[in-house]
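Notes for the one structure printed next.
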Amino acid sequence: DMVVVKVTQWAKGNIKNPIGEVTRVLGAEGGNDMEMNSILVNNGFDLDFSNEVMQEVEELAYEISNEEVERRRDMREITTFTIDPVDAKDFDDALSVEIYKDGNIEVGVHIADVSHYVKPGTQLDKEAYERSTSVYLVDRVLPMLPERISNELCSLRPNEDKCTFSAVFTFDKSYKLIDKWFGKTVTHSDRRFAYEEAQEVLENGKGDMYEEIKLLDTIAKKLRKAKFKNGAIAFEADEVRFKLDENGKPIDLYVKTRKDAHLLIEDFMLLANKECAKFIAKKGKAKEIPFVYRIHDLPNEERVENLARFAKEMGVELLVDTPKQIAASYNMLAKEAKRNDAIKMLEPLAIRTMAKAEYSPDNIGHYGLAFEFYSHFTSPIRRYSDVLTHRILEKNLTAEFRVDKEVLAAKCKHISQQERKAMTAERESVKYKQVEYISQFIGKEFEGAINGMIDRGLFIELVDNKCEGMIGFDTLDEPFDIDDGRMKAVGKHSGLVLKMGQRLMVRIKDADLEQRRIELEFIELVEK
C-alpha cells in the first residue's frame, strides 16, 4: 500500500531515518484512486479537512435571517439563472436580466457570498487560505472549502434564496455601459442551465429564457469585440478532456469546444472582475488602497524574438518591436491558424512566450486581456483570492479601508504558489490518464507533431488524441544539434532538419504509468 506519513522525529545521531506515523492509507499501489490521491498529496494538498473545520461548518446556519435580508438589496424577483458545466455542483455565479421602461438593460453578475460564511480568524478561513484553491483532476475535485459550503450553503442552486455579492451593470439601448453598482444582495436562481442546454437555446432560437440569454449573448459579443479592439490576445489552448468508464479508466479523449454559451459567461465574469478592480483603483487615486490584482506581465523578449525568427523561415512576418505589435501579431496568428494548419503549429509556441499571470497588490495591468485594472471577484468558492477581494471591496463601498500592503503581498505570493501547485497536479493527472489510455496501443502507429525539444529528444503530440510522448535522440540513426531557440534540430551527418510543428509518423514503443511517460519510435516524416 501507498500511505501518507507525518514525520514525528527527524534523524539524530546514529539514527539515519526519520520516524513518522501513518495518517492515511491511499490504497494498493497502481490503483487509480491511489494514483490520483498521491498526486494531490505530493503537491502539498491535504485530502481531508480537520475536525475543527468540519465542526465550524456544521454550526453555520442554512436559513437566511430576515435581518440579513434587510441588510441586502433584494433581487429575488428579477429573472436569474446559472450556466455551468453539466457535472458542476458548486454554482458560484449567476446572471440576472431586467429591461426598464426607458429601454435600458440591467445585468446582474451575482457571486456566491462566501465571505458571509467564512470569517477572518476562524479555522475554516485559515484552512481555505492554506489551500487557496480547489484542485481539478481528471476524475475528481479537491475543494478549497468543505462540500457543505461549496455545494450547499453557497452554491447558487435553482429555487433557493442565496446570499450573494453582486456587480450590477446598466446598459443603454445600444448596449453601452452607463452605470455600475457593487453590493451585498439576496438572489433567487430560477433555472439552472448546463452549457449545452444554453447553447441549444441560442442555436434553436427558442426554449426557456431565450429572450434573456439572447440579449446577454448580444451584449457579451459587444464586450468581446471591444476587448480585442483594445489589444487583448485571442489565443485558446486546446483543453483535453477524457471519457472514463465506471472504474475511472479512460476510454476516449476529446478536445473541449467553447461556444457562445461559454463565452457569454466568460465575458460577463471578465467585466465584473475588471470593474471591481477599477472601482478600488479609482477610489484610491489620492492614497492607494491595497487590493488583490490579477496581473500579467509582458512576454519574454528572447522567446518572442526566437519565435519571430522561426516564423519568418515559414514565410510569416511577425512584428514584435512593441507590446502592442506583439499582441497584434499574435492575434493575426490566432486568426490564420483557424484556416492554415502550417500556421496553427505556431500558436502554442506563441503561448509559451507569455508570462504567467499571478496575484499582487502592485498593479501592472493584465497584458493578455489588455486591461489596465483586473482582479478576481467571480469564483470565491474555489479561489481564496476572490474571498480577499470581496472583503476589501465590501469595506470600501461605504468608506475608505486599507489593509497592510506587506501582509497582503505575502498572501498574494502564497495564493500564486498554491495556484501553480494546483496546475502542476492537474497536468500530472492528465498525463497519467494519457499514458493509461495509450497503453492499449503499444506497437500501433500514429501521426504526431513535434511540440518541444530538449537535449535528450523530441516531444511529440499525437494528432488524433493529444497524448504527448518522446522520441529519444539516442534511438535515431544519428546525433542531432538543437538550435539556441529550440525551434529545430539538425542531423549531424544527413543534415535532416526537424522543426517544431513538423508532422511525422511514430510507433508507440512503451507506456510507463509509474513514470507517466510515453516512449515513441520515429518511423518517417509526413509530407504535407
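Chain lettering (A, B, ...) mirrors the order of the C-alpha cells, residue numbering begins at 1 for each chain separately, and ligand numbering begins at 1 in order of display.
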**OP:** Please provide as a list in words all residues within 6 Å of Asp90 of chain A, with the sequence filter that same-chain residues fewer than 6 positions apart are discarded (counting only C-alpha atoms).
**Re:**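 Non-adjacent residues within range: Ser150, Asn151 and Ser155 of chain A.
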Export of prior selection with N, CA, C and O atoms as a PDB file, in the first residue's frame:
```pdb
ATOM      1  N   SER A 150     -19.403  24.601  -0.257  1.00  0.00           N
ATOM      2  CA  SER A 150     -19.230  24.765  -1.702  1.00  0.00           C
ATOM      3  C   SER A 150     -20.425  24.257  -2.513  1.00  0.00           C
ATOM      4  O   SER A 150     -20.786  24.853  -3.530  1.00  0.00           O
ATOM      5  N   ASN A 151     -21.044  23.165  -2.077  1.00  0.00           N
ATOM      6  CA  ASN A 151     -22.127  22.560  -2.862  1.00  0.00           C
ATOM      7  C   ASN A 151     -23.522  22.845  -2.311  1.00  0.00           C
ATOM      8  O   ASN A 151     -24.515  22.579  -2.982  1.00  0.00           O
ATOM      9  N   SER A 155     -23.598  27.518  -2.882  1.00  0.00           N
ATOM     10  CA  SER A 155     -23.904  27.207  -4.285  1.00  0.00           C
ATOM     11  C   SER A 155     -25.248  27.809  -4.690  1.00  0.00           C
ATOM     12  O   SER A 155     -26.254  27.640  -3.994  1.00  0.00           O
TER      13      SER A 155
END
```
Write out as a PDB file with all heavy atoms, in the first residue's frame which residues come within 8 Å of segment 450-464 of chain A when counting only C-alpha atoms, dropping same-chain ones fewer than 6 positions away.
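Now in out19.pdb:
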```pdb
ATOM      1  N   MET A 470       7.717  10.957 -26.159  1.00  0.00           N
ATOM      2  CA  MET A 470       9.054  11.427 -26.533  1.00  0.00           C
ATOM      3  C   MET A 470       9.757  10.438 -27.435  1.00  0.00           C
ATOM      4  O   MET A 470       9.659   9.223 -27.261  1.00  0.00           O
ATOM      5  CB  MET A 470       9.909  11.665 -25.287  1.00  0.00           C
ATOM      6  CG  MET A 470      11.339  12.082 -25.616  1.00  0.00           C
ATOM      7  SD  MET A 470      12.366  12.286 -24.170  1.00  0.00           S
ATOM      8  CE  MET A 470      12.282  14.046 -23.996  1.00  0.00           C
ATOM      9  N   ILE A 471      10.469  10.999 -28.433  1.00  0.00           N
ATOM     10  CA  ILE A 471      11.427  10.230 -29.236  1.00  0.00           C
ATOM     11  C   ILE A 471      12.807  10.622 -28.739  1.00  0.00           C
ATOM     12  O   ILE A 471      13.221  11.777 -28.854  1.00  0.00           O
ATOM     13  CB  ILE A 471      11.319  10.566 -30.736  1.00  0.00           C
ATOM     14  CG1 ILE A 471       9.942  10.215 -31.287  1.00  0.00           C
ATOM     15  CG2 ILE A 471      12.409   9.842 -31.518  1.00  0.00           C
ATOM     16  CD1 ILE A 471       9.713  10.676 -32.720  1.00  0.00           C
ATOM     17  N   GLY A 472      13.521   9.670 -28.128  1.00  0.00           N
ATOM     18  CA  GLY A 472      14.872   9.959 -27.653  1.00  0.00           C
ATOM     19  C   GLY A 472      15.841  10.085 -28.824  1.00  0.00           C
ATOM     20  O   GLY A 472      15.770   9.299 -29.780  1.00  0.00           O
ATOM     21  N   PHE A 473      16.731  11.093 -28.790  1.00  0.00           N
ATOM     22  CA  PHE A 473      17.732  11.220 -29.861  1.00  0.00           C
ATOM     23  C   PHE A 473      18.607   9.969 -29.952  1.00  0.00           C
ATOM     24  O   PHE A 473      19.111   9.620 -31.020  1.00  0.00           O
ATOM     25  CB  PHE A 473      18.609  12.459 -29.627  1.00  0.00           C
ATOM     26  CG  PHE A 473      17.941  13.756 -30.009  1.00  0.00           C
ATOM     27  CD1 PHE A 473      17.936  14.836 -29.129  1.00  0.00           C
ATOM     28  CD2 PHE A 473      17.313  13.909 -31.238  1.00  0.00           C
ATOM     29  CE1 PHE A 473      17.325  16.034 -29.472  1.00  0.00           C
ATOM     30  CE2 PHE A 473      16.693  15.104 -31.593  1.00  0.00           C
ATOM     31  CZ  PHE A 473      16.698  16.165 -30.705  1.00  0.00           C
ATOM     32  N   ASP A 474      18.770   9.269 -28.806  1.00  0.00           N
ATOM     33  CA  ASP A 474      19.606   8.065 -28.812  1.00  0.00           C
ATOM     34  C   ASP A 474      18.966   6.910 -29.579  1.00  0.00           C
ATOM     35  O   ASP A 474      19.606   5.892 -29.840  1.00  0.00           O
ATOM     36  CB  ASP A 474      19.948   7.631 -27.383  1.00  0.00           C
ATOM     37  CG  ASP A 474      18.708   7.315 -26.543  1.00  0.00           C
ATOM     38  OD1 ASP A 474      17.582   7.596 -27.015  1.00  0.00           O
ATOM     39  OD2 ASP A 474      18.868   6.794 -25.431  1.00  0.00           O
ATOM     40  N   ILE A 482      20.655  20.927 -31.629  1.00  0.00           N
ATOM     41  CA  ILE A 482      19.454  21.760 -31.446  1.00  0.00           C
ATOM     42  C   ILE A 482      19.871  23.221 -31.484  1.00  0.00           C
ATOM     43  O   ILE A 482      20.860  23.605 -30.860  1.00  0.00           O
ATOM     44  CB  ILE A 482      18.775  21.470 -30.091  1.00  0.00           C
ATOM     45  CG1 ILE A 482      18.448  19.972 -29.965  1.00  0.00           C
ATOM     46  CG2 ILE A 482      17.507  22.281 -29.929  1.00  0.00           C
ATOM     47  CD1 ILE A 482      17.861  19.579 -28.631  1.00  0.00           C
ATOM     48  N   ARG A 486      15.641  26.402 -29.606  1.00  0.00           N
ATOM     49  CA  ARG A 486      14.945  25.112 -29.501  1.00  0.00           C
ATOM     50  C   ARG A 486      13.739  25.028 -30.429  1.00  0.00           C
ATOM     51  O   ARG A 486      12.670  24.532 -30.065  1.00  0.00           O
ATOM     52  CB  ARG A 486      14.526  24.831 -28.047  1.00  0.00           C
ATOM     53  CG  ARG A 486      15.736  24.684 -27.112  1.00  0.00           C
ATOM     54  CD  ARG A 486      15.348  24.247 -25.727  1.00  0.00           C
ATOM     55  NE  ARG A 486      16.526  24.129 -24.867  1.00  0.00           N
ATOM     56  CZ  ARG A 486      17.305  23.055 -24.768  1.00  0.00           C
ATOM     57  NH1 ARG A 486      17.028  21.980 -25.477  1.00  0.00           N
ATOM     58  NH2 ARG A 486      18.347  23.040 -23.954  1.00  0.00           N
ATOM     59  N   MET A 487      13.925  25.577 -31.628  1.00  0.00           N
ATOM     60  CA  MET A 487      12.861  25.534 -32.636  1.00  0.00           C
ATOM     61  C   MET A 487      13.127  24.468 -33.699  1.00  0.00           C
ATOM     62  O   MET A 487      12.218  24.078 -34.419  1.00  0.00           O
ATOM     63  CB  MET A 487      12.714  26.901 -33.317  1.00  0.00           C
ATOM     64  CG  MET A 487      12.232  28.009 -32.394  1.00  0.00           C
ATOM     65  SD  MET A 487      10.502  27.792 -31.965  1.00  0.00           S
ATOM     66  CE  MET A 487      10.225  29.204 -30.905  1.00  0.00           C
ATOM     67  N   LYS A 488      14.392  24.035 -33.807  1.00  0.00           N
ATOM     68  CA  LYS A 488      14.693  22.984 -34.792  1.00  0.00           C
ATOM     69  C   LYS A 488      15.935  22.210 -34.379  1.00  0.00           C
ATOM     70  O   LYS A 488      16.776  22.704 -33.606  1.00  0.00           O
ATOM     71  CB  LYS A 488      14.859  23.578 -36.189  1.00  0.00           C
ATOM     72  CG  LYS A 488      16.006  24.549 -36.344  1.00  0.00           C
ATOM     73  CD  LYS A 488      16.027  25.100 -37.769  1.00  0.00           C
ATOM     74  CE  LYS A 488      17.147  26.145 -37.906  1.00  0.00           C
ATOM     75  NZ  LYS A 488      17.160  26.766 -39.230  1.00  0.00           N
ATOM     76  N   LYS A 499      11.742  20.326 -37.451  1.00  0.00           N
ATOM     77  CA  LYS A 499      11.287  21.621 -36.937  1.00  0.00           C
ATOM     78  C   LYS A 499      10.078  21.453 -36.021  1.00  0.00           C
ATOM     79  O   LYS A 499       9.322  20.488 -36.126  1.00  0.00           O
ATOM     80  CB  LYS A 499      10.862  22.530 -38.104  1.00  0.00           C
ATOM     81  CG  LYS A 499      11.987  23.002 -38.981  1.00  0.00           C
ATOM     82  CD  LYS A 499      11.404  23.937 -40.045  1.00  0.00           C
ATOM     83  CE  LYS A 499      12.517  24.485 -40.947  1.00  0.00           C
ATOM     84  NZ  LYS A 499      11.958  25.425 -41.951  1.00  0.00           N
ATOM     85  N   MET A 500       9.902  22.451 -35.151  1.00  0.00           N
ATOM     86  CA  MET A 500       8.697  22.497 -34.319  1.00  0.00           C
ATOM     87  C   MET A 500       7.469  22.501 -35.234  1.00  0.00           C
ATOM     88  O   MET A 500       7.432  23.211 -36.236  1.00  0.00           O
ATOM     89  CB  MET A 500       8.698  23.766 -33.462  1.00  0.00           C
ATOM     90  CG  MET A 500       9.753  23.754 -32.368  1.00  0.00           C
ATOM     91  SD  MET A 500       9.346  22.626 -31.026  1.00  0.00           S
ATOM     92  CE  MET A 500       8.114  23.567 -30.165  1.00  0.00           C
ATOM     93  N   GLY A 501       6.480  21.697 -34.854  1.00  0.00           N
ATOM     94  CA  GLY A 501       5.244  21.643 -35.619  1.00  0.00           C
ATOM     95  C   GLY A 501       5.266  20.637 -36.763  1.00  0.00           C
ATOM     96  O   GLY A 501       4.216  20.346 -37.341  1.00  0.00           O
ATOM     97  N   GLN A 502       6.463  20.120 -37.076  1.00  0.00           N
ATOM     98  CA  GLN A 502       6.571  19.194 -38.205  1.00  0.00           C
ATOM     99  C   GLN A 502       5.810  17.901 -37.919  1.00  0.00           C
ATOM    100  O   GLN A 502       5.835  17.369 -36.804  1.00  0.00           O
ATOM    101  CB  GLN A 502       8.052  18.884 -38.450  1.00  0.00           C
ATOM    102  CG  GLN A 502       8.344  18.293 -39.804  1.00  0.00           C
ATOM    103  CD  GLN A 502       9.831  18.426 -40.142  1.00  0.00           C
ATOM    104  OE1 GLN A 502      10.668  18.588 -39.271  1.00  0.00           O
ATOM    105  NE2 GLN A 502      10.144  18.369 -41.415  1.00  0.00           N
ATOM    106  N   ARG A 503       5.108  17.393 -38.927  1.00  0.00           N
ATOM    107  CA  ARG A 503       4.348  16.151 -38.781  1.00  0.00           C
ATOM    108  C   ARG A 503       5.235  14.948 -39.079  1.00  0.00           C
ATOM    109  O   ARG A 503       6.072  14.983 -39.979  1.00  0.00           O
ATOM    110  CB  ARG A 503       3.150  16.147 -39.740  1.00  0.00           C
ATOM    111  CG  ARG A 503       2.107  17.227 -39.471  1.00  0.00           C
ATOM    112  CD  ARG A 503       1.310  16.920 -38.212  1.00  0.00           C
ATOM    113  NE  ARG A 503       0.271  17.901 -37.967  1.00  0.00           N
ATOM    114  CZ  ARG A 503      -1.006  17.748 -38.309  1.00  0.00           C
ATOM    115  NH1 ARG A 503      -1.405  16.663 -38.942  1.00  0.00           N
ATOM    116  NH2 ARG A 503      -1.898  18.678 -38.013  1.00  0.00           N
ATOM    117  N   LEU A 504       5.030  13.862 -38.321  1.00  0.00           N
ATOM    118  CA  LEU A 504       5.781  12.641 -38.556  1.00  0.00           C
ATOM    119  C   LEU A 504       4.976  11.442 -38.054  1.00  0.00           C
ATOM    120  O   LEU A 504       4.072  11.592 -37.226  1.00  0.00           O
ATOM    121  CB  LEU A 504       7.153  12.693 -37.876  1.00  0.00           C
ATOM    122  CG  LEU A 504       7.287  12.853 -36.360  1.00  0.00           C
ATOM    123  CD1 LEU A 504       8.764  12.784 -35.981  1.00  0.00           C
ATOM    124  CD2 LEU A 504       6.732  14.147 -35.850  1.00  0.00           C
TER     125      LEU A 504
END
```
Subject >> Minimum-distance residue to Arg420 of chain A, chosen among A:Cys163, A:Ile351, A:Val135, A:Met75 (using only C-alpha atoms) >> reply: A:Val135
If you take only C-alpha atoms and a cut-off of 7 Å, which residues of segment 163-281 of chain A touch segment 372-384 of chain A, and what are their nearest atom pairs and distances in Å to one decimal, in chain and number order, as a Markdown table?
```
| residue | atom | partner | partner_atom | distance |
| --- | --- | --- | --- | --- |
| A:Met269 | CA | A:Thr378 | CA | 6.2 |
| A:Asn273 | CA | A:Ser375 | CA | 5.1 |
| A:Lys274 | CA | A:Tyr374 | CA | 4.4 |
| A:Ala277 | CA | A:Tyr374 | CA | 5.2 |
| A:Lys278 | CA | A:Phe373 | CA | 5.4 |
```
Could you write out that same residue set with C-alpha atoms as a PDB file, in the first residue's frame?
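Printed below is again_4.pdb as written:
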```
ATOM      1  CA  MET A 269     -17.166  37.496 -15.464  1.00  0.00           C
ATOM      2  CA  ASN A 273     -13.501  41.356 -12.440  1.00  0.00           C
ATOM      3  CA  LYS A 274     -12.291  44.385 -14.389  1.00  0.00           C
ATOM      4  CA  ALA A 277     -10.544  46.419  -9.731  1.00  0.00           C
ATOM      5  CA  LYS A 278     -11.147  49.753 -11.488  1.00  0.00           C
TER       6      LYS A 278
END
```
**OP:** Excluding Ala511 of chain A and residues on its chain fewer than 2 positions from it, collect all residues at most 7 Å away from it, counting only C-alpha atoms, and give them as an MDAnalysis selection string.
**Re:** chainID A and resid 435 438:439 513 517:519
Only N, CA and C atoms, please: the residues just picked out, written as a short mmCIF file (atom, residue, chain, number, x, y, z; two decimals), in the first residue's frame.
```
data_model
loop_
_atom_site.label_atom_id
_atom_site.label_comp_id
_atom_site.auth_asym_id
_atom_site.auth_seq_id
_atom_site.Cartn_x
_atom_site.Cartn_y
_atom_site.Cartn_z
N VAL A 435 -1.25 8.41 -20.46
CA VAL A 435 -0.39 7.21 -20.51
C VAL A 435 -1.25 5.97 -20.35
N ILE A 438 -3.10 5.40 -23.67
CA ILE A 438 -2.28 4.98 -24.82
C ILE A 438 -1.68 3.60 -24.62
N SER A 439 -1.69 3.09 -23.38
CA SER A 439 -1.07 1.77 -23.09
C SER A 439 -1.75 0.64 -23.86
N LEU A 513 3.33 3.84 -16.71
CA LEU A 513 2.42 4.56 -15.82
C LEU A 513 3.13 5.10 -14.59
N ARG A 517 5.13 8.28 -18.54
CA ARG A 517 5.94 8.60 -19.71
C ARG A 517 5.56 7.69 -20.88
N ILE A 518 5.41 8.30 -22.06
CA ILE A 518 5.14 7.55 -23.29
C ILE A 518 6.39 7.60 -24.17
N GLU A 519 6.91 6.44 -24.52
CA GLU A 519 8.09 6.38 -25.40
C GLU A 519 7.63 6.08 -26.82
#
```
Go through segment 103-190 of chain A residue by residue and, counting only C-alpha atoms, keep those with an atom at most 7 Å from segment 42-56 of chain A; for each kept residue give the shortest atom pair and its distance in Å to one decimal, ordered by chain and increasing number, as CSV.
```
residue,atom,partner,partner_atom,distance
A:Gln123,CA,A:Val53,CA,5.5
A:Leu124,CA,A:Val53,CA,5.1
A:Arg131,CA,A:Phe45,CA,6.8
```
**OP:** Rounded to one decimal place, report the atom CA of Lys256 of chain A-atom CA of Ile83 of chain A distance in Å.
**Re:**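 Value for the atom CA of Lys256 of chain A-atom CA of Ile83 of chain A distance: 16.4 Å.
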Taking only residues of segment 405-508 of chain A that have an atom at most 10 Å from an atom of segment 223-243 of chain A, what is each one's shortest atom pair and its distance in Å to one decimal, using only C-alpha atoms, in chain and number order, as CSV?
```
residue,atom,partner,partner_atom,distance
A:Val430,CA,A:Val240,CA,8.0
A:Lys433,CA,A:Phe242,CA,8.1
A:Gln434,CA,A:Phe242,CA,8.8
A:Tyr437,CA,A:Phe242,CA,9.4
A:Asn465,CA,A:Val240,CA,8.4
A:Lys466,CA,A:Val240,CA,7.2
A:Cys467,CA,A:Val240,CA,9.0
```
**OP:** Would you please work out which residue, of A:Glu160, A:Asp217, A:Glu445, A:Asp33, is nearest to Glu521 of chain A when using only C-alpha atoms?
**Re:**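 Ranked by minimum distance to Glu521 of chain A, first place goes to A:Glu445.
Shortest separation to Pro250 of chain A among A:Glu436, A:Asp483, A:Glu35, A:Glu305 occurs at residue A:Glu436, atoms counted being only C-alpha atoms.
In this structure, atom CA of Glu394 of chain A sits 19.9 Å away from atom CA of Ser65 of chain A.
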**OP:** May I have all residues of segment 201-262 of chain A that DSSP, computed from the backbone, assigns to helix (DSSP H, G or I), given as a ChimeraX atom specification?
**Re:** /A:201-204,210-229,260-262
**OP:** Just the strand (DSSP E) stuff from segment 51-276 of chain A, please, per backbone DSSP, written as a ChimeraX atom specification.
**Re:** /A:73-74,80-84,93-99,105-112,135-136,141-142,161-171,177-188,191-194,240-244,250-255
Sorted by chain and rising residue number, which residues of segment 346-438 of chain A lie within 10 Å of segment 116-122 of chain A, and what are their closest atom pairs and distances in Å to one decimal, counting only C-alpha atoms, as a Markdown table?
```
| residue | atom | partner | partner_atom | distance |
| --- | --- | --- | --- | --- |
| A:Val387 | CA | A:Val118 | CA | 8.5 |
| A:Leu388 | CA | A:Pro120 | CA | 9.8 |
| A:His390 | CA | A:His116 | CA | 9.7 |
| A:Arg391 | CA | A:His116 | CA | 9.4 |
```
Taking N, CA and C atoms for each residue, export the selection above as a PDB file, in the first residue's frame.
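See part.pdb below for the written result:
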```pdb
ATOM      1  N   VAL A 387     -12.070  35.663  -2.211  1.00  0.00           N
ATOM      2  CA  VAL A 387     -12.567  35.918  -0.856  1.00  0.00           C
ATOM      3  C   VAL A 387     -11.936  37.210  -0.331  1.00  0.00           C
ATOM      4  N   LEU A 388     -10.617  37.346  -0.519  1.00  0.00           N
ATOM      5  CA  LEU A 388      -9.926  38.582  -0.111  1.00  0.00           C
ATOM      6  C   LEU A 388     -10.474  39.792  -0.860  1.00  0.00           C
ATOM      7  N   HIS A 390     -13.475  40.213  -2.094  1.00  0.00           N
ATOM      8  CA  HIS A 390     -14.798  40.538  -1.555  1.00  0.00           C
ATOM      9  C   HIS A 390     -14.682  41.324  -0.254  1.00  0.00           C
ATOM     10  N   ARG A 391     -13.784  40.882   0.615  1.00  0.00           N
ATOM     11  CA  ARG A 391     -13.657  41.545   1.921  1.00  0.00           C
ATOM     12  C   ARG A 391     -13.201  42.995   1.775  1.00  0.00           C
TER      13      ARG A 391
END
```
